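Have a look at run_29.cif; it's mmCIF, C-alpha atoms:
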```
data_entry
loop_
_atom_site.label_atom_id
_atom_site.label_comp_id
_atom_site.auth_asym_id
_atom_site.auth_seq_id
_atom_site.Cartn_x
_atom_site.Cartn_y
_atom_site.Cartn_z
CA MET H 186 0.00 0.00 0.00
CA SER H 187 0.99 3.64 -0.32
CA GLY H 188 0.01 6.59 1.83
CA VAL H 189 -1.59 6.49 5.28
CA ARG H 190 -4.66 4.46 6.21
CA VAL H 191 -6.50 5.07 9.49
CA LEU H 192 -8.67 2.51 11.30
CA THR H 193 -11.01 4.14 13.82
CA PHE H 194 -12.83 2.54 16.74
CA GLY H 195 -15.21 4.04 19.27
CA CYS H 196 -16.66 7.50 19.62
CA ARG H 197 -17.16 10.50 17.36
CA LEU H 198 -14.29 12.24 19.13
CA ASN H 199 -12.04 9.45 17.84
CA THR H 200 -13.42 10.07 14.35
CA PHE H 201 -12.29 13.70 14.57
CA GLU H 202 -8.93 12.76 16.06
CA SER H 203 -8.30 10.19 13.35
CA GLU H 204 -8.28 13.06 10.87
CA THR H 205 -5.70 14.91 12.97
CA MET H 206 -3.61 11.73 13.03
CA ARG H 207 -3.85 11.32 9.27
CA SER H 208 -2.92 14.96 8.66
CA ALA H 209 0.02 14.87 11.07
CA ALA H 210 1.37 11.60 9.65
CA GLU H 211 1.12 12.82 6.06
CA THR H 212 2.78 16.13 6.95
CA ALA H 213 5.61 14.18 8.59
CA GLY H 214 6.07 12.23 5.36
CA LEU H 215 4.97 8.88 6.74
CA ASN H 216 4.12 6.44 3.97
CA ASN H 217 2.95 2.85 3.73
CA ALA H 218 1.44 3.01 7.22
CA VAL H 219 -1.69 1.91 9.05
CA LEU H 220 -2.71 4.03 12.05
CA VAL H 221 -5.09 2.32 14.47
CA ASN H 222 -7.10 4.63 16.75
CA THR H 223 -8.43 2.37 19.50
CA CYS H 224 -11.27 2.50 22.03
CA ALA H 225 -11.14 1.23 25.62
CA VAL H 226 -14.78 1.54 26.68
CA THR H 227 -15.27 -2.26 26.76
CA ALA H 228 -13.11 -5.35 26.61
CA ASP H 229 -14.83 -6.18 23.32
CA ALA H 230 -13.65 -2.86 21.83
CA VAL H 231 -10.07 -3.82 22.67
CA ARG H 232 -10.58 -7.28 21.19
CA GLN H 233 -11.92 -5.79 17.95
CA ALA H 234 -8.89 -3.52 17.67
CA ARG H 235 -6.52 -6.46 18.11
CA GLN H 236 -8.35 -8.40 15.43
CA ALA H 237 -8.16 -5.42 13.06
CA ILE H 238 -4.42 -5.11 13.67
CA ARG H 239 -3.84 -8.76 12.77
CA ARG H 240 -5.98 -8.33 9.65
CA ALA H 241 -4.10 -5.18 8.68
CA ARG H 242 -0.79 -7.04 8.91
CA ARG H 243 -2.09 -9.84 6.68
CA ASP H 244 -3.41 -7.33 4.14
CA HIS H 245 -0.38 -5.03 4.28
CA PRO H 246 2.63 -7.15 5.25
CA HIS H 247 5.19 -4.37 4.66
CA ALA H 248 3.30 -1.45 6.22
CA ARG H 249 4.20 0.25 9.51
CA ILE H 250 1.39 -0.36 12.01
CA VAL H 251 1.06 2.38 14.64
CA VAL H 252 -1.47 2.02 17.47
CA SER H 253 -2.91 4.88 19.51
CA GLY H 254 -6.19 5.84 21.18
CA CYS H 255 -7.66 5.10 24.60
CA ALA H 256 -6.83 1.39 24.70
CA ALA H 257 -3.24 2.12 23.70
CA GLN H 258 -3.07 4.73 26.47
CA THR H 259 -4.51 2.51 29.21
CA GLU H 260 -2.86 -0.78 28.27
CA PRO H 261 0.12 -0.07 25.98
CA GLU H 262 1.82 -3.36 26.81
CA THR H 263 -1.13 -5.27 25.34
CA PHE H 264 -0.42 -3.79 21.92
CA ALA H 265 3.36 -3.60 22.20
CA GLY H 266 3.30 -7.33 22.81
CA MET H 267 1.73 -7.94 19.40
CA GLU H 268 4.36 -8.80 16.78
CA GLU H 269 2.24 -7.03 14.17
CA VAL H 270 2.63 -3.65 15.90
CA ASP H 271 5.57 -1.35 15.19
CA ALA H 272 4.77 1.49 17.58
CA VAL H 273 2.33 2.43 20.36
CA ILE H 274 1.75 6.15 20.96
CA GLY H 275 -0.29 7.95 23.60
CA ASN H 276 -3.48 9.95 23.13
CA GLU H 277 -1.79 13.26 23.83
CA ALA H 278 0.87 12.73 21.13
CA LYS H 279 -1.17 11.18 18.34
CA GLY H 280 -2.07 14.47 16.64
CA ARG H 281 1.46 15.92 16.55
CA VAL H 282 3.62 15.94 13.41
CA SER H 283 6.76 15.36 15.51
CA THR H 284 5.35 12.06 16.75
CA TYR H 285 5.38 10.58 13.25
CA SER H 286 8.63 12.24 12.26
CA LYS H 287 10.35 10.23 15.00
CA LEU H 288 8.83 6.86 14.09
CA PRO H 289 11.96 5.58 12.30
CA ASP H 290 13.83 5.83 15.63
CA PHE H 291 11.55 3.28 17.31
CA GLY H 292 13.08 -0.05 18.21
CA VAL H 293 11.60 -3.53 17.90
CA ALA H 294 11.67 -4.55 21.55
CA GLU H 295 8.32 -4.27 23.31
CA SER H 296 9.53 -1.56 25.69
CA GLU H 297 11.00 0.43 22.82
CA LYS H 298 7.74 0.36 20.88
CA ILE H 299 5.91 2.37 23.55
CA ARG H 300 5.73 6.17 23.49
CA VAL H 301 2.94 6.83 26.02
CA ASN H 302 3.12 9.70 28.50
CA ASP H 303 1.25 10.43 31.74
CA ILE H 304 -2.11 11.64 30.41
CA MET H 305 -3.05 13.05 33.83
CA ALA H 306 -0.23 15.58 33.49
CA VAL H 307 -1.84 17.12 30.38
CA ARG H 308 -3.53 20.42 31.25
CA GLU H 309 -4.65 21.79 27.87
CA THR H 310 -6.25 20.58 24.67
CA ALA H 311 -4.58 22.30 21.75
CA PRO H 312 -6.90 23.24 18.87
CA GLN H 313 -6.58 20.85 15.94
CA MET H 314 -7.52 22.14 12.49
CA ILE H 315 -8.74 19.64 9.91
CA GLU H 316 -10.04 20.15 6.39
CA ALA H 317 -12.45 17.22 6.24
CA VAL H 318 -13.72 14.11 8.02
CA ALA H 319 -13.03 11.26 5.63
CA GLY H 320 -16.08 9.44 4.34
CA HIS H 321 -18.57 11.49 6.39
CA ALA H 322 -21.20 13.92 5.15
CA ARG H 323 -21.29 15.66 8.54
CA ALA H 324 -18.26 17.13 10.29
CA PHE H 325 -17.21 16.17 13.83
CA VAL H 326 -15.49 18.90 15.82
CA GLN H 327 -13.66 18.43 19.11
CA VAL H 328 -14.49 21.04 21.76
CA GLN H 329 -13.40 19.21 24.90
CA ASN H 330 -11.30 16.26 26.03
CA GLY H 331 -10.90 14.26 29.22
CA CYS H 332 -13.20 13.90 32.22
CA ASP H 333 -13.06 15.03 35.85
CA HIS H 334 -15.67 12.51 36.98
CA ARG H 335 -14.89 8.97 38.03
CA CYS H 336 -17.82 6.70 37.22
CA THR H 337 -17.01 3.36 38.79
CA PHE H 338 -17.32 1.37 35.55
CA CYS H 339 -15.35 3.74 33.31
CA VAL H 340 -11.70 3.56 32.29
CA ILE H 341 -11.88 6.49 29.86
CA PRO H 342 -10.52 9.19 32.24
CA TYR H 343 -7.33 7.11 32.46
CA GLY H 344 -7.12 7.14 28.67
CA ARG H 345 -8.05 10.80 28.23
CA GLY H 346 -6.95 12.60 31.38
CA ASN H 347 -8.78 15.38 33.17
CA SER H 348 -11.28 17.69 31.48
CA ARG H 349 -9.91 20.48 29.31
CA SER H 350 -11.67 22.67 26.76
CA VAL H 351 -10.77 24.11 23.37
CA PRO H 352 -11.16 27.93 23.36
CA MET H 353 -14.37 29.13 21.68
CA GLY H 354 -12.55 31.13 19.01
CA ALA H 355 -10.63 28.07 17.85
CA VAL H 356 -13.84 25.99 17.68
CA VAL H 357 -15.59 28.68 15.63
CA ASP H 358 -12.60 28.93 13.27
CA GLN H 359 -12.57 25.15 12.78
CA ILE H 360 -16.28 24.98 11.97
CA ALA H 361 -16.03 27.97 9.62
CA ARG H 362 -13.22 26.22 7.75
CA LEU H 363 -15.24 23.02 7.41
CA VAL H 364 -18.28 24.96 6.19
CA ASP H 365 -16.08 26.68 3.60
CA ASN H 366 -15.09 23.19 2.46
CA GLY H 367 -18.72 22.25 1.84
CA TYR H 368 -19.95 20.79 5.11
CA GLN H 369 -23.45 21.84 6.10
CA GLU H 370 -23.78 20.00 9.39
CA ALA H 371 -21.38 19.92 12.32
CA VAL H 372 -21.43 17.70 15.40
CA ILE H 373 -19.86 18.99 18.63
CA THR H 374 -17.88 16.20 20.28
CA GLY H 375 -16.08 15.67 23.57
CA VAL H 376 -15.55 13.07 26.26
CA ASP H 377 -17.73 15.05 28.69
CA ALA H 378 -19.04 17.82 26.44
CA THR H 379 -21.41 19.33 29.01
CA SER H 380 -18.42 20.15 31.23
CA TYR H 381 -17.18 22.46 28.47
CA GLY H 382 -15.67 25.77 29.53
CA ALA H 383 -15.12 25.22 33.26
CA ASP H 384 -11.35 25.54 32.73
CA LEU H 385 -11.52 28.57 30.39
CA PRO H 386 -11.48 32.28 31.27
CA GLY H 387 -15.03 33.45 31.97
CA ARG H 388 -16.19 29.81 32.27
CA PRO H 389 -18.35 29.73 29.10
CA THR H 390 -20.88 26.88 28.98
CA LEU H 391 -21.66 24.38 26.24
CA GLY H 392 -24.83 26.35 25.47
CA THR H 393 -22.82 29.55 25.16
CA LEU H 394 -20.42 27.81 22.76
CA ALA H 395 -23.24 26.38 20.62
CA GLY H 396 -24.96 29.76 20.44
CA THR H 397 -21.71 31.48 19.49
CA ILE H 398 -21.09 28.96 16.70
CA LEU H 399 -24.54 29.50 15.22
CA LYS H 400 -24.20 33.29 15.43
CA GLN H 401 -20.69 33.54 14.02
CA VAL H 402 -21.00 30.86 11.32
CA PRO H 403 -24.32 31.77 9.68
CA ALA H 404 -23.62 29.50 6.70
CA LEU H 405 -23.73 26.41 8.96
CA ARG H 406 -27.09 24.81 8.24
CA ARG H 407 -27.28 22.33 11.13
CA LEU H 408 -25.56 21.90 14.50
CA ARG H 409 -25.75 18.75 16.62
CA LEU H 410 -24.33 17.57 19.91
CA SER H 411 -22.92 14.11 20.46
CA SER H 412 -23.34 12.33 23.80
CA ILE H 413 -24.17 14.60 26.75
CA ASP H 414 -24.81 14.36 30.47
CA SER H 415 -28.32 15.77 30.92
CA ILE H 416 -27.78 16.83 34.55
CA GLU H 417 -25.19 19.38 33.36
CA VAL H 418 -27.26 21.00 30.58
CA ASP H 419 -27.25 24.78 31.08
CA ALA H 420 -29.94 27.42 30.53
CA ALA H 421 -28.34 28.73 27.33
CA LEU H 422 -28.51 25.26 25.79
CA MET H 423 -32.14 24.86 26.80
CA ASP H 424 -32.86 28.19 25.12
CA LEU H 425 -31.29 26.93 21.87
CA ILE H 426 -33.34 23.74 22.10
CA ALA H 427 -36.51 25.82 22.39
CA ASN H 428 -35.81 28.60 19.91
CA GLU H 429 -33.04 27.82 17.42
CA PRO H 430 -34.16 25.87 14.30
CA ARG H 431 -30.55 25.23 13.22
CA PHE H 432 -29.93 23.37 16.49
CA MET H 433 -31.09 19.86 15.67
CA PRO H 434 -33.83 18.27 17.83
CA HIS H 435 -31.88 15.19 18.85
CA LEU H 436 -29.68 14.43 21.86
CA HIS H 437 -27.86 11.27 22.86
CA LEU H 438 -27.92 10.86 26.64
CA SER H 439 -25.29 9.23 28.83
CA LEU H 440 -28.07 7.52 30.78
CA GLN H 441 -26.44 4.17 31.70
CA HIS H 442 -29.22 2.76 33.92
CA GLY H 443 -32.75 3.25 35.18
CA ASP H 444 -32.39 2.27 38.83
CA ASP H 445 -31.34 4.82 41.44
CA LEU H 446 -29.22 2.48 43.56
CA ILE H 447 -27.29 1.20 40.54
CA LEU H 448 -26.81 4.78 39.35
CA LYS H 449 -25.42 5.61 42.80
CA ARG H 450 -23.07 2.60 42.67
CA MET H 451 -22.00 3.74 39.20
CA LYS H 452 -21.26 7.15 40.77
CA ARG H 453 -23.48 8.88 38.25
CA ARG H 454 -24.65 12.41 39.04
CA HIS H 455 -28.29 11.99 38.02
CA GLY H 456 -31.14 9.89 39.29
CA ARG H 457 -33.97 8.18 37.42
CA ASP H 458 -36.41 11.05 37.97
CA ASP H 459 -33.82 13.61 36.84
CA ALA H 460 -33.57 11.88 33.47
CA ILE H 461 -37.33 11.59 33.04
CA ARG H 462 -37.89 15.25 33.96
CA PHE H 463 -35.21 16.39 31.53
CA CYS H 464 -36.75 14.50 28.62
CA GLU H 465 -40.22 15.79 29.48
CA SER H 466 -38.95 19.37 29.75
CA VAL H 467 -37.20 19.21 26.38
CA ARG H 468 -40.28 17.80 24.65
CA ARG H 469 -42.44 20.54 26.12
CA LEU H 470 -40.04 23.09 24.66
CA ARG H 471 -39.77 21.33 21.31
CA PRO H 472 -42.29 18.64 20.35
CA GLY H 473 -40.86 16.03 18.02
CA PHE H 474 -37.50 15.98 19.79
CA ALA H 475 -35.86 12.52 19.72
CA PHE H 476 -33.48 10.99 22.25
CA GLY H 477 -30.82 8.34 22.06
CA ALA H 478 -29.20 6.83 25.13
CA ASP H 479 -26.48 4.50 26.39
CA LEU H 480 -27.59 1.75 28.77
CA ILE H 481 -25.45 -0.84 30.55
CA ALA H 482 -26.84 -4.31 31.22
CA GLY H 483 -25.61 -6.49 34.05
CA PHE H 484 -23.77 -3.98 36.23
CA PRO H 485 -22.44 -5.62 39.43
CA THR H 486 -25.15 -6.22 42.09
CA GLU H 487 -27.96 -5.61 39.56
CA THR H 488 -31.06 -7.57 40.66
CA GLU H 489 -34.02 -8.51 38.48
CA GLU H 490 -36.00 -5.63 39.98
CA MET H 491 -33.19 -3.16 39.27
CA PHE H 492 -32.87 -4.46 35.72
CA ALA H 493 -36.63 -4.07 35.22
CA ARG H 494 -36.27 -0.37 35.99
CA SER H 495 -33.62 -0.12 33.29
CA LEU H 496 -36.03 -1.73 30.83
CA ASP H 497 -38.73 0.72 31.91
CA ILE H 498 -36.55 3.82 31.55
CA ILE H 499 -36.62 3.45 27.76
CA ASP H 500 -40.35 4.08 27.71
CA ALA H 501 -40.34 6.51 30.65
CA CYS H 502 -37.88 8.79 28.86
CA GLY H 503 -39.23 8.06 25.39
CA ILE H 504 -35.86 6.88 24.07
CA ALA H 505 -35.94 6.23 20.33
CA PHE H 506 -32.38 5.03 19.72
CA THR H 507 -30.66 2.95 22.40
CA HIS H 508 -27.05 1.77 22.48
CA VAL H 509 -26.83 -1.25 24.80
CA PHE H 510 -23.55 -2.28 26.44
CA PRO H 511 -23.23 -5.59 28.28
CA TYR H 512 -21.26 -4.68 31.41
CA SER H 513 -17.56 -5.34 30.92
CA PRO H 514 -15.17 -5.12 33.91
CA ARG H 515 -12.24 -2.84 33.16
CA ALA H 516 -9.05 -3.36 35.14
CA GLY H 517 -8.39 -0.67 37.72
CA THR H 518 -11.99 0.53 38.01
CA PRO H 519 -13.95 0.24 41.28
CA ALA H 520 -16.80 -1.68 39.60
CA ALA H 521 -14.38 -4.44 38.63
CA ARG H 522 -13.92 -5.14 42.36
CA MET H 523 -17.67 -5.35 43.06
CA PRO H 524 -19.58 -8.68 43.11
CA GLN H 525 -19.90 -9.65 39.43
CA LEU H 526 -22.88 -11.22 37.69
CA ASP H 527 -22.62 -14.36 35.60
CA ARG H 528 -21.56 -13.53 32.02
CA GLY H 529 -24.44 -15.56 30.63
CA LEU H 530 -26.91 -13.54 32.70
CA ILE H 531 -25.31 -10.29 31.55
CA LYS H 532 -25.65 -11.33 27.91
CA ALA H 533 -29.27 -12.40 28.45
CA ARG H 534 -30.16 -9.06 30.03
CA ALA H 535 -28.39 -7.19 27.24
CA ALA H 536 -30.50 -9.14 24.74
CA GLN H 537 -33.66 -8.17 26.66
CA LEU H 538 -32.62 -4.52 26.66
CA ARG H 539 -31.97 -4.64 22.92
CA GLU H 540 -35.38 -6.22 22.37
CA ARG H 541 -37.09 -3.43 24.35
CA ALA H 542 -34.96 -0.83 22.53
CA ALA H 543 -35.92 -2.30 19.15
CA ALA H 544 -39.61 -2.06 20.08
CA ALA H 545 -39.18 1.58 21.09
CA GLU H 546 -37.37 2.39 17.85
CA ASP H 547 -40.10 0.62 15.89
CA ALA H 548 -42.74 2.72 17.65
CA HIS H 549 -40.79 5.88 16.86
CA LEU H 550 -40.55 4.95 13.17
CA GLU H 551 -44.25 4.12 13.06
CA LYS H 552 -45.16 7.47 14.58
CA MET H 553 -42.95 9.33 12.11
CA ALA H 554 -44.35 7.34 9.19
CA ARG H 555 -47.95 8.04 10.19
CA ALA H 556 -47.21 11.74 10.51
CA ALA H 557 -45.62 11.71 7.03
CA GLY H 558 -44.72 15.30 6.12
CA THR H 559 -41.70 16.81 4.43
CA HIS H 560 -38.30 16.83 6.13
CA SER H 561 -35.01 18.56 5.54
CA VAL H 562 -32.38 15.82 5.53
CA LEU H 563 -28.65 15.38 5.13
CA VAL H 564 -27.94 12.48 2.80
CA GLU H 565 -25.01 10.27 3.78
CA PHE H 566 -22.82 8.52 1.24
CA SER H 567 -24.54 5.21 1.87
CA GLY H 568 -27.72 6.80 0.51
CA LEU H 569 -29.25 6.83 3.98
CA ALA H 570 -30.44 10.27 5.09
CA ARG H 571 -31.17 11.67 8.54
CA THR H 572 -34.06 13.91 9.44
CA GLU H 573 -33.62 16.78 11.87
CA ASN H 574 -34.29 14.43 14.81
CA PHE H 575 -31.83 11.86 13.41
CA THR H 576 -34.44 9.40 12.17
CA PRO H 577 -33.06 7.39 9.22
CA VAL H 578 -34.86 7.69 5.88
CA VAL H 579 -34.14 6.38 2.40
CA ALA H 580 -35.35 8.10 -0.76
CA GLN H 581 -34.68 7.27 -4.38
CA ASN H 582 -32.24 9.57 -6.20
CA ALA H 583 -31.39 11.62 -3.11
CA PRO H 584 -28.15 13.62 -3.68
CA ARG H 585 -25.45 11.96 -1.59
CA GLY H 586 -23.43 14.20 0.68
CA GLN H 587 -25.93 17.03 0.37
CA MET H 588 -29.06 18.49 1.91
CA ALA H 589 -32.44 17.66 0.39
CA LEU H 590 -36.16 17.83 1.07
CA ILE H 591 -37.81 14.42 1.37
CA ARG H 592 -41.53 13.67 1.69
CA VAL H 593 -42.05 10.64 3.94
CA THR H 594 -44.28 8.03 2.31
CA GLY H 595 -43.94 5.10 4.71
CA ARG H 596 -41.40 2.92 6.42
CA ASP H 597 -39.34 -0.22 6.08
CA THR H 598 -37.97 -2.40 8.86
CA ASN H 599 -35.29 -0.02 10.12
CA HIS H 600 -35.94 3.32 8.45
CA LEU H 601 -38.47 5.63 6.89
CA THR H 602 -39.00 5.69 3.15
CA GLY H 603 -39.72 8.76 1.10
CA ASP H 604 -39.65 10.63 -2.18
CA LEU H 605 -37.20 13.34 -3.10
CA VAL H 606 -39.02 16.66 -3.30
CA GLU H 607 -36.02 18.76 -4.23
CA GLN H 608 -32.35 19.19 -3.63
CA ALA H 609 -31.89 22.03 -1.17
CA ALA H 610 -30.60 25.25 -2.70
CA ASP H 611 -26.93 26.23 -2.76
CA ASP H 612 -25.67 22.76 -1.90
CA THR H 613 -22.33 22.07 -3.54
CA PRO H 614 -20.82 18.73 -2.60
CA SER H 615 -17.25 18.90 -1.42
CA ALA H 616 -14.60 16.49 -2.62
CA ALA H 617 -13.37 16.52 0.98
CA PHE H 618 -16.40 14.45 1.98
CA VAL H 619 -15.21 11.34 0.16
CA ARG H 620 -11.50 11.64 0.82
CA GLY H 621 -9.94 8.21 1.41
#
```
Starting from the file, lay out its structure as structure tokens.
Amino acid sequence: MSGVRVLTFGCRLNTFESETMRSAAETAGLNNAVLVNTCAVTADAVRQARQAIRRARRDHPHARIVVSGCAAQTEPETFAGMEEVDAVIGNEAKGRVSTYSKLPDFGVAESEKIRVNDIMAVRETAPQMIEAVAGHARAFVQVQNGCDHRCTFCVIPYGRGNSRSVPMGAVVDQIARLVDNGYQEAVITGVDATSYGADLPGRPTLGTLAGTILKQVPALRRLRLSSIDSIEVDAALMDLIANEPRFMPHLHLSLQHGDDLILKRMKRRHGRDDAIRFCESVRRLRPGFAFGADLIAGFPTETEEMFARSLDIIDACGIAFTHVFPYSPRAGTPAARMPQLDRGLIKARAAQLRERAAAAEDAHLEKMARAAGTHSVLVEFSGLARTENFTPVVAQNAPRGQMALIRVTGRDTNHLTGDLVEQAADDTPSAAFVRG
């Protein structure tokens, strides 16, 4: 192979950072290389990364394989011990040109492969400017990194460090550049995005940032948030939800469970009623709002009654799109030392949660299909489009990578169906969208 190929696992923040890795490696002159940006959120995510590394070596026997990301940060020896891997670099260094310029100096011994620093010593997140997000019709923009909270199940703070924010001016400049390159929708990303600004002068909030973006980049058609913690949502963000049509009516909640005692043992900052009240408040402000959520099945000490409350929270909050995680003990976390449930029981409960989530998504699709109507959508390169509230819809002849108006005519198993009404005005596809 020639050039630089990036394999990305995990969150939307990793998607953004993969572009900074690609840009830095290419600027450094790295060639014939595979960069693997890993995720550590579950043991399965680490397993998938290891499988991909072995596959990459089979497919590209002469390429340099460089591993980074959260799993590389938290367990570098795991990857350094793989004969397929040439180098392991930390999260803080993966976006720097100098990191890749020094790759030829790496040795072959396991200890010499590792270039991972103390992530807890990092105090700032330097702005990273990218021109595109490869293969994506919407742009992901990092505004924050790290986390000051210590949920008992989560290893991510040890892979990302403490919370630190990108200054508002740098975020606005990044989004303006992406819009100039043809992107019409941007997604704000971070490890704990709702903590944005606490470390900056004046302590701006996430809502302040979002409002500033929309004011200062008027050509941006749509702004979304990735995963948020609802208990930290500020008044400015609620005002955008209620009054700003360019702020999309969809939020993905870091919910995790529906039982108060389990939430307490997880060291979450919200309770069951907090989550329900938040969803009800948002829907009062903006009917038609849709929610996604993360839920963990089989957390240590979870009883049948506790699990039932997690099943019920999907309906109580009106969650349309649920991401279910079977609990996975992560070394070094407090939850890993709690009484564990049988793996078979965890998998069974995860299957039940997915079944309930599928029923909720089906009900959401049915409601949207019955309402029909015309929706402004962004069409992805797969041909799948997303409505304002992130509901998937497929329409014949929709212009990929662009905005369009689609009239909903019905539904299929997993998405709405519709007819193209018209391509939205002034939409010029950017070649950056489909870059390798």
At what distance in Å, to one decimal, does CA of Ala272 (chain H) lie from CA of Gly214 (chain H)?
-> 16.3 Å
Which is closest to Pro403 (chain H) among H:Arg197, H:Arg528, H:Arg431, H:Lys449, if we use all atoms listed in the file?
->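 Using all atoms listed in the file, the shortest distance to Pro403 (chain H) belongs to H:Arg431.
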For Leu215 (chain H), please output as JSON, numbers by chain all residues within 10 Å (counting only C-alpha atoms; exclusion window: fewer than 3 positions along the same chain).
-> {"H": [187, 188, 189, 207, 209, 210, 211, 212, 218, 219, 249, 282, 285, 286, 287, 288, 289]}
When distances are computed from all atoms listed in the file, which of H:Pro511, H:Glu573, H:Gly517, H:Arg596 shows the smallest separation from Gly529 (chain H)?
->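 The closest residue to Gly529 (chain H) is H:Pro511.
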Between H:Ala521, H:Ala478, H:Ile299, H:Ala361, which one has atoms that come closest to Cys502 (chain H), using all atoms listed in the file?
->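 That would be H:Ala478, the residue with the smallest distance to Cys502 (chain H).
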d(CA of Leu422 (chain H), CA of Leu394 (chain H)) in Å =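 Pair CA of Leu422 (chain H) / CA of Leu394 (chain H) returns 9.0 Å.
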Around (-13.9, 11.7, 33.4), as given in the file, which residues come within 7 Å? Count only C-alpha atoms and list them as a compact mmCIF listing (two decimals) with C-alpha atoms, in the frame of the given file.
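The resulting file, part-v9.txt, is reproduced below:
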```txt
# COMPACT_ATOMS: atom_id res chain seq x y z
CA GLY H 331 -10.90 14.26 29.22
CA CYS H 332 -13.20 13.90 32.22
CA ASP H 333 -13.06 15.03 35.85
CA HIS H 334 -15.67 12.51 36.98
CA ARG H 335 -14.89 8.97 38.03
CA ILE H 341 -11.88 6.49 29.86
CA PRO H 342 -10.52 9.19 32.24
CA ASN H 347 -8.78 15.38 33.17
CA SER H 348 -11.28 17.69 31.48
CA ASP H 377 -17.73 15.05 28.69
```
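CA of Arg300 (chain H) lies 12.8 Å from CA of Val270 (chain H).
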